[in-house]
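my_file_33.txt, holding compact mmCIF, C-alpha atoms and all ligand atoms:
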```txt
# COMPACT_ATOMS: atom_id res chain seq x y z
CA MET A 173 -15.23 -0.16 24.92
CA ALA A 174 -15.59 3.41 23.61
CA ALA A 175 -16.81 3.87 20.09
CA ALA A 176 -14.25 5.17 17.63
CA GLU A 177 -14.77 8.88 16.88
CA PRO A 178 -15.75 9.73 13.28
CA PRO A 179 -12.83 11.16 11.33
CA SER A 180 -12.70 14.97 11.28
CA PRO A 181 -13.56 16.62 7.94
CA ARG A 182 -9.98 17.77 7.68
CA ALA A 183 -8.65 14.28 8.13
CA ARG A 184 -11.06 12.73 5.67
CA GLY A 185 -9.38 11.44 2.54
CA ARG A 186 -5.81 11.66 3.81
CA PRO A 187 -3.87 10.50 6.80
CA PRO A 188 -3.86 12.94 9.71
CA PRO A 189 -0.71 15.00 10.05
CA PRO A 190 1.62 14.16 12.92
CA PRO A 191 0.37 15.81 16.15
CA ALA A 192 3.51 17.87 16.68
CA ARG A 193 3.10 19.63 13.30
CA ARG A 194 -0.58 20.34 13.85
CA ALA A 195 0.06 21.95 17.20
CA SER A 196 2.72 24.36 16.09
CA ARG A 197 2.89 27.16 13.59
CA PRO A 198 4.98 26.53 10.48
CA ARG A 199 8.58 26.66 11.52
CA THR A 200 9.58 29.23 8.98
CA ALA A 201 6.81 31.71 9.74
CA PRO A 202 8.36 34.69 11.53
CA ARG A 203 7.06 35.69 14.93
CA THR A 204 6.07 39.12 13.58
CA ALA A 205 3.44 37.65 11.28
CA PRO A 206 -0.23 38.31 12.17
CA GLN A 207 -1.43 35.61 14.48
CA GLY A 208 -4.47 33.47 13.96
CA GLU A 209 -6.82 32.81 11.11
CA GLY A 210 -8.79 36.03 11.64
CA ALA A 211 -5.72 38.17 11.23
CA ARG A 212 -4.69 36.25 8.14
CA ARG A 213 -8.10 36.56 6.57
CA ARG A 214 -8.32 40.29 7.29
CA ALA A 215 -4.90 40.82 5.82
CA SER A 216 -5.81 38.95 2.66
CA CYS A 217 -8.86 41.10 1.84
CA GLY A 218 -9.00 43.35 -1.20
CA PRO A 219 -8.43 42.92 -4.90
CA ARG A 220 -5.98 40.30 -6.00
CA ARG A 221 -2.71 41.60 -7.33
CA PRO A 222 -0.76 39.90 -10.06
CA PRO A 223 1.15 36.91 -8.73
CA TYR A 224 4.49 38.71 -8.85
CA ALA A 225 3.86 42.36 -8.42
CA GLY A 226 7.30 43.33 -7.21
CA ARG A 227 6.66 44.27 -3.59
CA GLY A 228 9.41 42.23 -2.15
CA GLY A 229 7.30 39.14 -2.63
CA THR A 230 8.21 35.77 -3.93
CA ALA A 231 7.97 34.42 -7.39
CA ARG A 232 5.52 31.61 -7.91
CA GLY A 233 6.91 28.59 -6.27
CA GLY A 234 7.86 30.22 -3.00
CA GLY A 235 11.12 31.22 -1.39
CA ALA A 236 11.30 34.60 0.33
CA ARG A 237 13.44 37.23 -1.31
CA PRO A 238 16.38 38.44 0.70
CA GLY A 239 15.43 41.50 2.70
CA SER A 240 11.78 40.47 3.15
CA PHE A 241 10.46 42.03 6.32
CA LEU A 242 7.31 40.06 6.90
CA SER A 243 6.47 36.76 5.38
CA LEU A 244 3.77 34.17 5.64
CA SER A 245 4.69 32.63 2.35
CA GLN A 246 7.67 30.63 3.30
CA ARG A 247 5.94 27.32 3.56
CA GLY A 248 6.58 26.78 -0.11
CA PRO A 249 4.46 24.91 -2.58
CA ALA A 250 4.76 21.61 -0.79
CA ALA A 251 3.02 22.80 2.39
CA PRO A 252 1.03 19.87 3.72
CA ASP A 253 -2.18 21.85 4.20
CA SER A 254 -2.05 24.08 1.13
CA PRO A 255 -5.51 25.06 -0.24
CA SER A 256 -5.06 22.98 -3.33
CA ARG A 257 -4.28 19.91 -1.27
CA ARG A 258 -7.27 20.58 0.96
CA LYS A 259 -9.52 20.99 -2.06
CA GLU A 260 -8.31 17.69 -3.33
CA SER A 261 -9.12 16.09 -0.02
CA GLY A 262 -12.49 17.88 0.34
CA GLY A 263 -11.49 19.43 3.67
CA THR A 264 -13.20 22.52 5.14
CA ALA A 265 -10.99 23.38 8.09
CA ALA A 266 -8.96 26.58 8.66
CA ALA A 267 -7.70 27.74 5.27
CA PRO A 268 -4.12 28.92 4.92
CA LEU A 269 -3.71 31.75 2.48
CA PRO A 270 -3.36 31.15 -1.21
CA GLU A 271 0.11 31.97 -2.39
CA GLU A 272 -0.92 35.27 -3.99
CA ASP A 273 -2.26 36.55 -0.70
CA CYS A 274 0.86 35.48 1.09
CA MET A 275 2.83 37.67 -1.26
CA LYS A 276 0.65 40.63 -0.35
CA LEU A 277 1.70 40.08 3.22
CA ASN A 278 5.32 40.05 2.21
CA PRO A 279 6.13 43.70 1.57
CA SER A 280 9.69 44.87 1.55
CA PHE A 281 11.03 47.10 4.26
CA VAL A 282 11.04 49.98 1.78
CA GLY A 283 7.38 49.31 0.97
CA ILE A 284 6.39 49.45 4.61
CA ALA A 285 8.47 52.58 5.20
CA LEU A 286 6.89 54.31 2.18
CA SER A 287 3.33 53.36 3.16
CA SER A 288 3.95 54.63 6.68
CA LEU A 289 5.43 57.87 5.37
CA LEU A 290 2.43 58.41 3.10
CA ALA A 291 0.00 57.70 5.93
CA ILE A 292 1.78 60.21 8.16
CA ASP A 293 1.85 62.68 5.27
CA LEU A 294 -1.93 62.44 4.72
CA TRP A 295 -2.67 62.69 8.42
CA ALA A 296 -0.32 65.63 9.12
CA SER A 297 -1.31 67.50 5.95
CA LYS A 298 -4.96 67.26 6.89
CA ARG A 299 -4.19 68.63 10.34
CA LEU A 300 -2.13 71.47 8.86
CA GLY A 301 -4.87 72.38 6.37
CA VAL A 302 -6.18 74.99 8.78
CA CYS A 303 -7.29 77.38 6.00
CA ALA A 304 -8.84 74.74 3.78
CA GLY A 305 -12.28 76.29 4.12
CA GLU A 306 -13.98 79.32 5.60
CA GLY A 307 -15.14 77.17 8.50
CA SER A 308 -11.67 75.75 9.22
CA ALA A 309 -9.69 76.63 12.33
CA TRP A 310 -7.91 79.53 10.61
CA GLY A 311 -10.61 80.09 7.99
CA SER A 312 -10.44 83.86 8.45
CA ALA A 313 -6.85 83.81 7.11
CA ARG A 314 -7.95 82.13 3.89
CA PRO A 315 -8.26 85.37 1.84
CA LEU A 316 -4.68 86.29 2.78
CA MET A 317 -3.51 82.79 1.85
CA LYS A 318 -5.18 83.17 -1.53
CA VAL A 319 -3.30 86.41 -2.15
CA ILE A 320 -0.08 84.53 -1.37
CA GLU A 321 -1.26 81.83 -3.76
CA VAL A 322 -1.60 84.36 -6.60
CA SER A 323 1.88 85.72 -5.82
CA GLY A 324 3.31 82.30 -6.72
CA HIS A 325 0.99 81.57 -9.64
CA GLY A 326 2.39 80.97 -13.13
CA ILE A 327 0.36 83.64 -14.93
CA PRO A 328 1.63 86.74 -13.11
CA TRP A 329 5.18 85.42 -13.29
CA VAL A 330 5.12 84.52 -16.98
CA LEU A 331 3.25 87.64 -18.09
CA GLY A 332 5.28 89.92 -15.80
CA THR A 333 8.56 88.54 -17.09
CA PHE A 334 7.41 88.80 -20.69
CA TYR A 335 6.35 92.39 -20.12
CA GLY A 336 9.72 93.20 -18.50
CA LEU A 337 11.50 91.63 -21.44
CA CYS A 338 9.61 93.79 -23.92
CA GLN A 339 10.34 96.89 -21.86
CA SER A 340 14.01 96.24 -21.10
CA ASP A 341 16.52 98.41 -22.84
CA SER A 342 19.77 96.85 -21.67
CA SER A 343 21.13 93.67 -23.15
CA ALA A 344 22.13 92.37 -19.69
CA ALA A 345 18.55 92.75 -18.40
CA ARG A 346 17.20 91.09 -21.54
CA GLU A 347 19.49 88.13 -21.05
CA VAL A 348 18.40 87.63 -17.45
CA LEU A 349 14.70 88.07 -18.23
CA LEU A 350 14.82 85.77 -21.23
CA ASN A 351 16.38 83.06 -19.10
CA LEU A 352 13.82 83.66 -16.35
CA LEU A 353 11.06 83.26 -18.93
CA PHE A 354 12.67 80.04 -20.13
CA ALA A 355 12.92 78.83 -16.51
CA LEU A 356 9.24 79.58 -15.81
CA LEU A 357 8.04 77.81 -18.95
CA LEU A 358 10.31 74.83 -18.30
CA ASP A 359 8.90 74.66 -14.78
CA ILE A 360 5.28 74.70 -15.98
CA VAL A 361 5.99 71.92 -18.49
CA MET A 362 7.93 69.74 -16.03
CA VAL A 363 5.29 70.05 -13.33
CA ALA A 364 2.54 69.22 -15.83
CA VAL A 365 4.47 66.13 -17.01
CA VAL A 366 5.09 64.84 -13.47
CA LYS A 367 1.51 65.54 -12.41
CA GLY A 368 0.26 63.71 -15.49
CA ILE A 369 2.45 60.70 -14.73
CA VAL A 370 1.91 60.46 -10.97
CA LYS A 371 -1.78 61.45 -10.99
CA ARG A 372 -1.98 61.91 -7.23
CA PRO A 373 -5.34 63.47 -6.43
CA ARG A 374 -5.46 66.65 -4.38
CA PRO A 375 -6.31 66.22 -0.70
CA THR A 376 -9.97 65.49 -0.11
CA HIS A 377 -10.31 68.59 2.08
CA ASN A 378 -9.17 70.89 -0.77
CA LYS A 379 -11.79 73.25 -2.15
CA MET A 380 -11.11 73.54 -5.89
CA ASP A 381 -11.43 77.30 -6.16
CA MET A 382 -8.00 78.08 -7.57
CA PHE A 383 -7.16 81.01 -9.81
CA VAL A 384 -6.74 79.76 -13.44
CA THR A 385 -5.69 76.13 -13.66
CA ILE A 386 -4.76 73.79 -16.46
CA SER A 387 -6.13 70.26 -16.78
CA VAL A 388 -3.37 68.49 -14.84
CA ASP A 389 -3.86 70.85 -11.93
CA LYS A 390 -6.52 68.52 -10.60
CA TYR A 391 -3.50 66.52 -9.46
CA SER A 392 -1.35 67.54 -6.58
CA PHE A 393 2.10 65.98 -6.97
CA PRO A 394 4.28 68.01 -7.14
CA SER A 395 3.18 71.46 -6.06
CA GLY A 396 3.63 73.86 -8.98
CA HIS A 397 3.74 76.78 -6.58
CA ALA A 398 6.54 75.18 -4.57
CA THR A 399 8.65 74.39 -7.66
CA ARG A 400 8.19 77.95 -8.90
CA ALA A 401 8.99 79.41 -5.50
CA ALA A 402 12.25 77.44 -5.22
CA LEU A 403 13.24 78.10 -8.82
CA VAL A 404 12.51 81.82 -8.75
CA CYS A 405 14.17 82.17 -5.34
CA ARG A 406 17.40 80.57 -6.56
CA PHE A 407 17.28 82.51 -9.81
CA VAL A 408 16.72 85.89 -8.17
CA LEU A 409 19.36 85.35 -5.49
CA ARG A 410 21.87 84.41 -8.16
CA HIS A 411 21.17 87.02 -10.82
CA LEU A 412 19.80 90.10 -9.08
CA VAL A 413 21.95 92.33 -6.95
CA LEU A 414 19.82 92.81 -3.84
CA ALA A 415 20.43 94.14 -0.35
CA VAL A 416 20.47 91.49 2.36
CA PRO A 417 16.99 92.33 3.76
CA LEU A 418 15.54 91.87 0.30
CA ARG A 419 17.34 88.58 -0.11
CA VAL A 420 15.85 87.41 3.18
CA LEU A 421 12.43 88.53 1.99
CA VAL A 422 12.77 86.50 -1.19
CA VAL A 423 13.58 83.35 0.81
CA LEU A 424 10.71 84.05 3.21
CA TRP A 425 8.32 84.53 0.31
CA ALA A 426 9.31 81.13 -1.14
CA LEU A 427 8.79 79.47 2.24
CA ILE A 428 5.45 81.16 2.87
CA VAL A 429 4.15 80.27 -0.60
CA SER A 430 5.15 76.64 0.03
CA ILE A 431 3.66 76.40 3.52
CA SER A 432 0.46 78.12 2.37
CA ARG A 433 -0.14 75.25 -0.11
CA VAL A 434 -0.63 72.82 2.78
CA MET A 435 -2.53 75.34 4.92
CA LEU A 436 -4.96 75.99 2.07
CA GLY A 437 -5.48 72.25 1.76
CA ARG A 438 -4.23 72.29 -1.83
CA HIS A 439 -1.41 69.84 -1.18
CA ASN A 440 0.02 67.22 1.07
CA MET A 441 3.40 67.95 2.59
CA THR A 442 5.24 65.53 0.30
CA ASP A 443 3.88 67.38 -2.78
CA VAL A 444 5.42 70.58 -1.47
CA LEU A 445 8.71 69.04 -0.38
CA PHE A 446 9.18 67.33 -3.72
CA GLY A 447 8.15 70.56 -5.48
CA LEU A 448 10.84 72.50 -3.65
CA LEU A 449 13.45 69.90 -4.61
CA LEU A 450 12.30 69.86 -8.21
CA GLY A 451 12.38 73.65 -8.47
CA TYR A 452 15.83 73.72 -6.92
CA ALA A 453 17.05 71.11 -9.41
CA LEU A 454 15.39 72.85 -12.37
CA TYR A 455 17.44 75.93 -11.66
CA GLY A 456 20.51 73.77 -12.26
CA VAL A 457 19.12 72.88 -15.69
CA VAL A 458 18.49 76.55 -16.48
CA GLU A 459 22.01 77.45 -15.45
CA HIS A 460 23.38 74.61 -17.57
CA CYS A 461 21.41 75.69 -20.65
CA TRP A 462 21.91 79.40 -20.04
CA LEU A 463 20.72 81.33 -23.11
CA SER A 464 23.03 84.09 -24.28
CA PRO A 465 23.43 86.20 -27.43
CA ALA A 466 26.40 83.98 -28.29
CA THR A 467 24.50 80.66 -28.05
CA THR A 468 21.05 81.76 -29.28
CA PRO A 469 21.55 84.92 -31.38
CA ALA A 470 18.24 84.50 -33.22
CA LEU A 471 16.29 84.53 -29.96
CA PHE A 472 18.00 87.68 -28.74
CA ALA A 473 17.50 89.34 -32.11
CA LEU A 474 13.75 89.21 -31.46
CA TRP A 475 14.12 91.64 -28.56
CA SER A 476 16.90 93.90 -29.77
CA HIS A 477 15.59 97.34 -30.60
C1 LIG B 1 0.90 82.40 -19.74
C2 LIG B 1 0.91 80.98 -19.37
C3 LIG B 1 1.67 80.04 -20.19
C4 LIG B 1 0.28 80.63 -18.26
C5 LIG B 1 0.13 79.26 -17.81
C6 LIG B 1 0.25 79.37 -16.35
C7 LIG B 1 -0.60 78.42 -15.61
C8 LIG B 1 -2.06 78.31 -15.86
C9 LIG B 1 0.02 77.72 -14.70
C10 LIG B 1 -0.65 76.83 -13.76
C11 LIG B 1 -0.44 77.41 -12.41
C12 LIG B 1 -1.05 76.54 -11.39
C13 LIG B 1 -2.48 76.70 -11.08
C14 LIG B 1 -0.30 75.63 -10.79
C15 LIG B 1 -0.81 74.72 -9.76
O1 LIG B 1 -0.03 74.93 -8.64
P1 LIG B 1 -0.12 73.91 -7.47
O2 LIG B 1 0.81 74.43 -6.44
O3 LIG B 1 -1.52 73.90 -6.99
O4 LIG B 1 0.32 72.59 -8.02
```

Mind converting the file's structure to structure tokens?
Ligand SMILES: CC(C)=CCC/C(C)=C/CC/C(C)=C/COP(=O)(O)O
Amino acid sequence: MAAAEPPSPRARGRPPPPPARRASRPRTAPRTAPQGEGARRRASCGPRRPPYAGRGGTARGGGARPGSFLSLSQRGPAAPDSPSRRKESGGTAAAPLPEEDCMKLNPSFVGIALSSLLAIDLWASKRLGVCAGEGSAWGSARPLMKVIEVSGHGIPWVLGTFYGLCQSDSSAAREVLLNLLFALLLDIVMVAVVKGIVKRPRPTHNKMDMFVTISVDKYSFPSGHATRAALVCRFVLRHLVLAVPLRVLVVLWALIVSISRVMLGRHNMTDVLFGLLLGYALYGVVEHCWLSPATTPALFALWSH
């Protein structure tokens, strides 16, 4: 008669689970989940997040949220081989994930889409940063790119507009220039606020040799040059009477300034795209708050000769 095998460590202290359950994956685990213990362990690396960190996960106690894309957490608290149960029983066999880690593997569709978009953004921006250094693929074009950078910088625009305002002798020109000055200052403040909130670092390949920066300019989201380019472009097209070729040039300038931000390695593409949208929207604010001698007589009195 064969000797009875010693009980496996896993089985020690509690009755063995029915064979059918041991052989199969948990019924509720989707087929898209990473397979095998190795995959689960790899996926659960990294710092622990709070138990309910709002990434489409589940609250403590289990139950996938509607719309969850990927879930390993649907076993619920009563899973027969949960870590706490195994601890109680002294087992050492394959460890299913603690609930917190399962939630990390349970991102929403939006979360996955955003992470993928950001990964593509970083990758493509790095590839497009062809003037990021003298030794880069288009390094010889870097000086030209830096001239374009200065053409969209805040200082020449603010000082130039202020100078024009002091020199203007028609009330119509003063009104336009005063509103342009207001637009430029509003833009600088808004960009600084968003940069200070988002705190996205500049791309690692950026060389920090920019012409006059303020403290938040160590951050890259959104691009201040792109917001200014879009804002000034809309403003000029709306308030200056220009021949068509000049209007085309203004639009081209805004596009070139924006593209040059990525080529210089100053920004990722999403910084520039958001900057363009923000600048476009800020023009709407300027138009809404349009300053005129009727609404702000004291301001206009400062410049009337
Ligand atoms: C006269 C006055 C108020 C000047 C402040 C202008 C100034 C220092 C603006 C910052 C311009 C700048 C370096 C923006 C950063 O642009 P990104 O495209 O690199 O975000």

*asked:* Taking only C-alpha atoms and all ligand atoms and a cut-off of 8 Å, can you tell me which residues surround ligand LIG 1 (chain B), written as an NGL selection string?
replied: :A and (325-328 or 330-331 or 357 or 360 or 363 or 382-386 or 389 or 391-399 or 433 or 438-439 or 444)

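Note that the spacing between CA of Gly336 in chain A and CA of Val388 in chain A amounts to 28.2 Å.
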
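Minimum atom-to-atom distances from A:Val302, A:Leu358, A:Leu294, A:Val348 to Pro373 in chain A were compared using all atoms listed in the file, and the lowest value belongs to A:Leu294.
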
_Atomic distance CA of Leu436 in chain A - CA of Arg374 in chain A, expressed in Å with one decimal_ =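 Those two atoms sit 11.4 Å apart.
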
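Every polymer residue reaching to within 7 Å of (8.0, 86.3, -5.0), counting only C-alpha atoms, appears in this list: A:Ser323, A:Gly324, A:Ala401, A:Val422, A:Trp425, A:Ala426.
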
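Note that CA of Leu350 in chain A and CA of Gly332 in chain A are 11.7 Å apart.
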
Which residues come within 12 Å of Leu349 in chain A, counting all atoms listed in the file, excluding same-chain residues fewer than 4 positions away, as a PDB file with C-alpha atoms, in the frame of the given file?
```
ATOM      1  CA  TRP A 329       5.180  85.420 -13.290  1.00  0.00           C
ATOM      2  CA  VAL A 330       5.120  84.520 -16.980  1.00  0.00           C
ATOM      3  CA  LEU A 331       3.250  87.640 -18.090  1.00  0.00           C
ATOM      4  CA  GLY A 332       5.280  89.920 -15.800  1.00  0.00           C
ATOM      5  CA  THR A 333       8.560  88.540 -17.090  1.00  0.00           C
ATOM      6  CA  PHE A 334       7.410  88.800 -20.690  1.00  0.00           C
ATOM      7  CA  TYR A 335       6.350  92.390 -20.120  1.00  0.00           C
ATOM      8  CA  GLY A 336       9.720  93.200 -18.500  1.00  0.00           C
ATOM      9  CA  LEU A 337      11.500  91.630 -21.440  1.00  0.00           C
ATOM     10  CA  CYS A 338       9.610  93.790 -23.920  1.00  0.00           C
ATOM     11  CA  GLN A 339      10.340  96.890 -21.860  1.00  0.00           C
ATOM     12  CA  SER A 340      14.010  96.240 -21.100  1.00  0.00           C
ATOM     13  CA  ASP A 341      16.520  98.410 -22.840  1.00  0.00           C
ATOM     14  CA  SER A 342      19.770  96.850 -21.670  1.00  0.00           C
ATOM     15  CA  SER A 343      21.130  93.670 -23.150  1.00  0.00           C
ATOM     16  CA  ALA A 344      22.130  92.370 -19.690  1.00  0.00           C
ATOM     17  CA  ALA A 345      18.550  92.750 -18.400  1.00  0.00           C
ATOM     18  CA  LEU A 353      11.060  83.260 -18.930  1.00  0.00           C
ATOM     19  CA  PHE A 354      12.670  80.040 -20.130  1.00  0.00           C
ATOM     20  CA  ALA A 355      12.920  78.830 -16.510  1.00  0.00           C
ATOM     21  CA  LEU A 356       9.240  79.580 -15.810  1.00  0.00           C
ATOM     22  CA  VAL A 404      12.510  81.820  -8.750  1.00  0.00           C
ATOM     23  CA  PHE A 407      17.280  82.510  -9.810  1.00  0.00           C
ATOM     24  CA  VAL A 408      16.720  85.890  -8.170  1.00  0.00           C
ATOM     25  CA  HIS A 411      21.170  87.020 -10.820  1.00  0.00           C
ATOM     26  CA  LEU A 412      19.800  90.100  -9.080  1.00  0.00           C
ATOM     27  CA  TRP A 462      21.910  79.400 -20.040  1.00  0.00           C
ATOM     28  CA  LEU A 463      20.720  81.330 -23.110  1.00  0.00           C
ATOM     29  CA  SER A 464      23.030  84.090 -24.280  1.00  0.00           C
ATOM     30  CA  PHE A 472      18.000  87.680 -28.740  1.00  0.00           C
ATOM     31  CA  TRP A 475      14.120  91.640 -28.560  1.00  0.00           C
TER      32      TRP A 475
END
```

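If you measure from each of A:Ser432, A:Asn440, A:Thr468, A:Ser287 to Lys318 in chain A using only C-alpha atoms, the closest one turns out to be A:Ser432.
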
*Determine the nearest neighbour of Lys379 in chain A from the options A:Ala453, A:Val282, A:Val413, A:Ala304, counting only C-alpha atoms.*
A:Ala304

*With all atoms listed in the file as the basis for distance, which of A:Ser308, A:Ser430, A:Asn351, A:Ser280 is at the shortest distance from Val457 in chain A?*
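Of A:Ser308, A:Ser430, A:Asn351, A:Ser280, the one nearest Val457 in chain A, counting all atoms listed in the file, is A:Asn351.
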
*For Cys303 in chain A: contacts at 7 Å, all atoms listed in the file, fewer than 5 positions along chain excluded, given as a list in words*: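 Residues near the query, excluding close chain neighbours: Ser308, Ala309, Trp310, Gly311, Ala313, Arg314, Met435, Leu436 and Gly437 of chain A.
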